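Structure data follow from entry.tsv (TSV, C-alpha atoms):
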chain	number	residue	atom	x	y	z
A	1	MET	CA	103.67	128.55	156.17
A	2	LEU	CA	100.88	125.98	155.81
A	3	TRP	CA	99.35	127.10	159.10
A	4	ARG	CA	99.30	130.72	157.97
A	5	LEU	CA	97.51	129.66	154.81
A	6	ARG	CA	94.90	127.86	156.90
A	7	ILE	CA	94.33	130.99	158.99
A	8	LEU	CA	94.04	133.11	155.87
A	9	SER	CA	91.59	130.57	154.43
A	10	PHE	CA	89.45	131.04	157.54
A	11	TYR	CA	89.20	134.78	157.01
A	12	GLY	CA	88.66	134.33	153.28
A	13	LEU	CA	85.89	131.76	153.65
A	14	LEU	CA	84.27	133.68	156.51
A	15	SER	CA	84.25	136.87	154.43
A	16	LEU	CA	82.77	135.03	151.45
A	17	PHE	CA	80.12	133.33	153.57
A	18	THR	CA	79.26	136.61	155.31
A	19	PHE	CA	78.85	138.41	151.98
A	20	ILE	CA	76.65	135.69	150.46
A	21	PHE	CA	74.66	135.35	153.67
A	22	PHE	CA	74.12	139.12	153.71
A	23	LEU	CA	72.89	139.15	150.11
A	24	ILE	CA	70.41	136.34	150.81
A	25	CYS	CA	69.06	137.81	154.04
A	26	TYR	CA	69.20	141.57	153.49
A	27	ILE	CA	66.13	142.08	151.29
A	28	PRO	CA	63.63	139.88	153.21
A	29	VAL	CA	64.79	141.15	156.61
A	30	THR	CA	64.99	144.82	155.61
A	31	PHE	CA	61.90	145.22	153.44
A	32	PHE	CA	59.49	142.64	154.84
A	33	ASN	CA	58.03	142.21	158.29
A	34	VAL	CA	60.27	139.33	159.39
A	35	ASN	CA	59.55	138.46	163.02
A	36	TYR	CA	62.17	138.17	165.73
A	37	GLN	CA	62.09	134.37	165.77
A	38	ILE	CA	63.27	134.22	162.14
A	39	ARG	CA	65.86	136.96	162.69
A	40	TYR	CA	67.19	135.04	165.68
A	41	ARG	CA	67.45	131.81	163.66
A	42	ILE	CA	69.40	133.65	160.97
A	43	ALA	CA	71.87	134.87	163.60
A	44	ILE	CA	72.26	131.33	164.98
A	45	ILE	CA	73.03	129.96	161.50
A	46	PHE	CA	75.80	132.53	161.12
A	47	SER	CA	77.23	131.63	164.54
A	48	TYR	CA	77.25	127.93	163.66
A	49	ALA	CA	79.12	128.72	160.44
A	50	PHE	CA	81.63	130.88	162.30
A	51	VAL	CA	82.41	128.24	164.94
A	52	TRP	CA	82.57	125.47	162.30
A	53	LEU	CA	84.99	127.41	160.09
A	54	ALA	CA	87.16	128.19	163.13
A	55	LYS	CA	87.27	124.47	163.87
A	56	ILE	CA	88.03	123.32	160.32
A	57	CYS	CA	90.47	126.06	159.31
A	58	CYS	CA	92.05	127.11	162.61
A	59	GLY	CA	91.90	123.85	164.54
A	60	LEU	CA	89.79	125.42	167.27
A	61	LYS	CA	87.85	122.64	168.95
A	62	TYR	CA	85.86	123.06	172.14
A	63	GLU	CA	84.64	121.19	175.20
A	64	VAL	CA	81.65	122.25	177.27
A	65	GLU	CA	81.24	121.19	180.88
A	66	GLY	CA	78.04	121.63	182.87
A	67	LEU	CA	75.35	122.01	180.20
A	68	GLU	CA	73.02	120.07	182.46
A	69	LYS	CA	73.21	122.94	184.96
A	70	LEU	CA	71.35	125.35	182.69
A	71	PRO	CA	67.97	126.05	184.33
A	72	GLU	CA	64.70	125.74	182.46
A	73	THR	CA	63.65	129.24	183.49
A	74	ILE	CA	64.79	132.52	181.93
A	75	SER	CA	68.14	133.55	183.41
A	76	ILE	CA	70.97	136.05	183.13
A	77	VAL	CA	74.27	134.55	181.99
A	78	ILE	CA	77.39	136.20	183.41
A	79	SER	CA	80.70	135.23	181.83
A	80	ASN	CA	84.25	136.41	181.34
A	81	HIS	CA	85.02	137.84	177.90
A	82	GLN	CA	88.30	137.20	176.08
A	83	SER	CA	87.62	137.09	172.35
A	84	PHE	CA	85.08	137.35	169.55
A	85	TRP	CA	84.88	133.54	169.54
A	86	ASP	CA	83.21	133.31	172.95
A	87	GLN	CA	80.54	135.79	171.92
A	88	MET	CA	79.70	133.72	168.84
A	89	PHE	CA	79.87	130.36	170.60
A	90	MET	CA	77.53	131.28	173.46
A	91	GLN	CA	74.74	131.75	170.96
A	92	LEU	CA	74.89	128.01	170.28
A	93	ILE	CA	74.39	126.80	173.86
A	94	ILE	CA	72.26	129.46	175.56
A	95	PRO	CA	68.46	129.38	174.99
A	96	LYS	CA	66.87	132.19	172.99
A	97	HIS	CA	68.55	135.30	174.26
A	98	SER	CA	69.73	138.84	173.81
A	99	TRP	CA	72.97	140.33	175.03
A	100	VAL	CA	74.69	143.57	175.97
A	101	LEU	CA	77.31	144.88	173.54
A	102	LYS	CA	79.16	148.06	172.61
A	103	ARG	CA	77.28	150.25	170.13
A	104	GLU	CA	80.48	150.78	168.13
A	105	LEU	CA	80.18	147.19	166.87
A	106	PHE	CA	77.28	148.38	164.71
A	107	ASN	CA	79.87	150.23	162.60
A	108	ILE	CA	81.53	147.01	161.39
A	109	PRO	CA	80.52	146.37	157.75
A	110	LEU	CA	77.94	143.57	157.31
A	111	LEU	CA	78.45	142.30	160.87
A	112	GLY	CA	77.00	145.53	162.24
A	113	TRP	CA	73.87	145.01	160.14
A	114	GLY	CA	73.55	141.48	161.48
A	115	LEU	CA	73.85	142.69	165.06
A	116	ARG	CA	71.20	145.36	164.54
A	117	MET	CA	68.90	142.71	163.10
A	118	VAL	CA	68.51	140.93	166.46
A	119	LYS	CA	68.20	144.16	168.48
A	120	PRO	CA	70.71	143.65	171.32
A	121	ILE	CA	71.17	146.12	174.16
A	122	ALA	CA	73.74	148.44	172.58
A	123	VAL	CA	75.49	150.78	175.00
A	124	ASP	CA	78.00	153.57	174.50
A	125	ARG	CA	81.31	152.72	176.13
A	126	GLY	CA	82.13	154.75	179.23
A	127	THR	CA	78.88	156.72	179.51
A	128	ASN	CA	77.08	157.23	182.80
A	129	SER	CA	73.75	156.33	181.21
A	130	SER	CA	74.81	152.81	180.19
A	131	VAL	CA	73.85	151.21	183.53
A	132	ALA	CA	70.35	152.72	183.47
A	133	GLN	CA	69.97	151.59	179.86
A	134	ILE	CA	70.99	148.01	180.69
A	135	LEU	CA	68.54	147.89	183.59
A	136	ARG	CA	65.69	149.40	181.57
A	137	GLU	CA	66.13	147.44	178.35
A	138	GLY	CA	67.19	144.31	180.21
A	139	GLN	CA	63.85	144.20	182.00
A	140	GLU	CA	62.07	144.56	178.67
A	141	LYS	CA	64.04	141.68	177.13
A	142	ILE	CA	63.27	139.39	180.06
A	143	LYS	CA	59.56	140.29	179.86
A	144	GLU	CA	59.74	139.27	176.18
A	145	GLY	CA	60.92	135.83	177.27
A	146	LEU	CA	64.60	136.22	176.41
A	147	TRP	CA	67.65	135.18	178.38
A	148	LEU	CA	70.42	137.76	178.67
A	149	ILE	CA	74.18	137.35	178.22
A	150	ILE	CA	76.24	140.01	179.98
A	151	PHE	CA	80.01	140.39	180.15
A	152	PRO	CA	80.60	142.36	183.38
A	153	GLU	CA	84.20	143.13	182.42
A	154	SER	CA	82.68	145.30	179.64
A	155	THR	CA	85.57	144.55	177.28
A	156	LYS	CA	87.76	141.70	176.08
A	157	VAL	CA	90.29	140.91	178.79
A	158	PRO	CA	93.52	138.94	178.14
A	159	PRO	CA	93.63	135.58	179.95
A	160	ASP	CA	96.40	136.68	182.33
A	161	ARG	CA	94.53	139.79	183.51
A	162	THR	CA	91.51	140.46	185.69
A	163	VAL	CA	89.35	143.56	185.91
A	164	LYS	CA	86.64	144.57	188.34
A	165	PHE	CA	83.18	143.28	187.39
A	166	LYS	CA	80.58	145.98	186.85
A	167	PRO	CA	77.43	145.25	188.89
A	168	SER	CA	74.83	145.84	186.14
A	169	ALA	CA	74.10	142.13	185.60
A	170	VAL	CA	73.63	141.41	189.30
A	171	LYS	CA	71.49	144.54	189.73
A	172	LEU	CA	69.29	143.42	186.85
A	173	ALA	CA	68.91	139.94	188.34
A	174	SER	CA	67.93	141.52	191.66
A	175	ILE	CA	65.27	143.67	189.99
A	176	THR	CA	63.83	140.99	187.70
A	177	LYS	CA	64.20	138.14	190.21
A	178	VAL	CA	65.67	135.67	187.71
A	179	PRO	CA	68.57	133.25	188.36
A	180	ILE	CA	72.18	134.00	187.48
A	181	VAL	CA	74.13	131.45	185.42
A	182	MET	CA	77.91	131.74	185.88
A	183	MET	CA	80.23	130.75	183.04
A	184	ALA	CA	83.99	130.74	182.43
A	185	HIS	CA	86.23	129.83	179.50
A	186	ASN	CA	89.79	130.08	178.23
A	187	ALA	CA	89.14	131.15	174.62
A	188	GLY	CA	91.73	133.92	174.85
A	189	LEU	CA	94.54	131.36	174.96
A	190	PHE	CA	93.75	130.34	171.40
A	191	TRP	CA	91.98	133.42	170.01
A	192	PRO	CA	93.97	136.30	171.56
A	193	ARG	CA	92.59	139.80	171.47
A	194	GLY	CA	94.10	141.96	168.77
A	195	PHE	CA	95.86	139.14	166.90
A	196	TRP	CA	94.82	137.84	163.49
A	197	PHE	CA	96.58	134.51	163.88
A	198	LYS	CA	94.93	131.88	166.06
A	199	GLN	CA	96.42	128.99	167.98
A	200	PRO	CA	94.98	125.49	167.42
A	201	GLY	CA	93.70	123.68	170.48
A	202	THR	CA	90.64	122.88	172.54
A	203	ILE	CA	88.79	125.78	174.13
A	204	LYS	CA	87.25	124.82	177.44
A	205	VAL	CA	83.91	126.31	178.41
A	206	LYS	CA	82.43	125.68	181.84
A	207	ILE	CA	78.95	126.39	183.11
A	208	ILE	CA	79.92	126.81	186.74
A	209	GLY	CA	76.55	126.87	188.40
A	210	VAL	CA	73.41	128.84	189.15
A	211	ILE	CA	72.64	131.43	191.82
A	212	GLU	CA	68.95	131.05	192.49
A	213	LYS	CA	66.62	134.02	192.85
A	214	GLU	CA	66.12	133.35	196.58
A	215	GLU	CA	69.81	134.02	197.27
A	216	ILE	CA	69.75	137.02	194.94
A	217	GLU	CA	66.83	138.54	196.86
A	218	GLN	CA	68.55	138.02	200.21
A	219	THR	CA	72.02	139.29	199.31
A	220	ASP	CA	73.30	142.84	198.85
A	221	VAL	CA	74.12	143.58	195.21
A	222	ARG	CA	77.72	144.59	195.92
A	223	ILE	CA	78.38	141.49	198.00
A	224	LEU	CA	76.79	139.22	195.40
A	225	ASN	CA	78.69	140.90	192.57
A	226	ASP	CA	81.97	140.33	194.41
A	227	LYS	CA	81.02	136.69	194.92
A	228	VAL	CA	80.22	136.18	191.23
A	229	GLU	CA	83.49	137.86	190.25
A	230	GLN	CA	85.52	135.67	192.61
A	231	ILE	CA	83.88	132.45	191.44
A	232	ILE	CA	84.21	133.17	187.71
A	233	ASN	CA	87.81	134.37	187.98
A	234	SER	CA	88.72	131.34	190.09
A	235	GLU	CA	87.23	128.93	187.55
A	236	LYS	CA	88.84	130.84	184.69
A	237	GLN	CA	92.22	130.44	186.34
A	238	LYS	CA	91.69	126.69	186.64
A	239	LEU	CA	90.92	126.49	182.92
A	240	LEU	CA	94.09	128.42	182.11
A	241	ASN	CA	96.34	126.02	184.01
Represent the structure contained in this file as structure tokens.
Amino acid sequence: MLWRLRILSFYGLLSLFTFIFFLICYIPVTFFNVNYQIRYRIAIIFSYAFVWLAKICCGLKYEVEGLEKLPETISIVISNHQSFWDQMFMQLIIPKHSWVLKRELFNIPLLGWGLRMVKPIAVDRGTNSSVAQILREGQEKIKEGLWLIIFPESTKVPPDRTVKFKPSAVKLASITKVPIVMMAHNAGLFWPRGFWFKQPGTIKVKIIGVIEKEEIEQTDVRILNDKVEQIINSEKQKLLN
């Protein structure tokens, strides 16, 4: 009973914080020419609050391995995707970035406004034009000096399942000639998709390594995509055990 109250307190406090945060930020962001740097900082503050509340109320701690492997140059981060938590948390450890997400997330009250504020690459699920959009807008983001976070599974996948990685991220890296950073985590064990109640514990996040642009240039996209998929799924499995 006490644990359920703690979970409910998380949603209550998060809703209250989101509402107050929205009221404070809406007018200056909507009606004044607030630059991207400020918008990005606002999004980071919200992510910090989200992760902190999850830790305090839900007992969700985390460990990160391999931060020293992050390159100093702009890169594309490819990771598995299991929950909303991993999407929020990555904003805290990846340098200034944009990411690919489903356009339908814009329809979520308040959160959708916040997502629009930082102008991610929003694609329509299951459309043939989504790949071309990712490649086109992804190049623009990288030219603007932003990293990119891409979930090649294209949806949240339960920890005990695997799906084929879509090659958009690897194709984009091949075109833009930037490194690929591979990541894996086990957030779905504690923040399962489709469940309101969370399990306390320590989420493990691992920055596996970097595929440099020289290897990207010399390797066929399909072969490289299969390699990235195998490495990330293998590391994910280790984190689940």
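Non-sequential neighbours of Lys206 of chain A (distance at most 6 Å, separation of 2 or more positions within a chain, all atoms listed in the file) are Val64, Glu65, Met183, Ala184 and Ile208 of chain A.
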- Which residues come within 9 Å of Thr162 of chain A, counting all atoms listed in the file, excluding same-chain residues fewer than 3 positions away, as a list in words? Glu153, Val157, Pro158, Pro159, Phe165 and Asn233 of chain A
- Note on the structure: Here atom CA of Ile142 of chain A and atom CA of Arg41 of chain A stand apart by 18.5 Å
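We find atom CA of Trp99 of chain A and atom CA of Arg222 of chain A to be spaced 21.8 Å apart.
Interatomic distance, atom CA of Glu212 of chain A to atom CA of Pro71 of chain A: 9.6 Å.
Neighbours of Thr18 of chain A closer than or equal to 10 Å, with only C-alpha atoms counted and sequence neighbours fewer than 6 positions away skipped, come out as Gly12, Ile24, Phe46, Ala49, Phe50, Leu110, Leu111 and Gly114 of chain A.
Take the candidates A:Thr155, A:Ser79, A:Gln91, A:Asn225 and check each one against Tyr40 of chain A using only C-alpha atoms; the shortest distance goes to A:Gln91.
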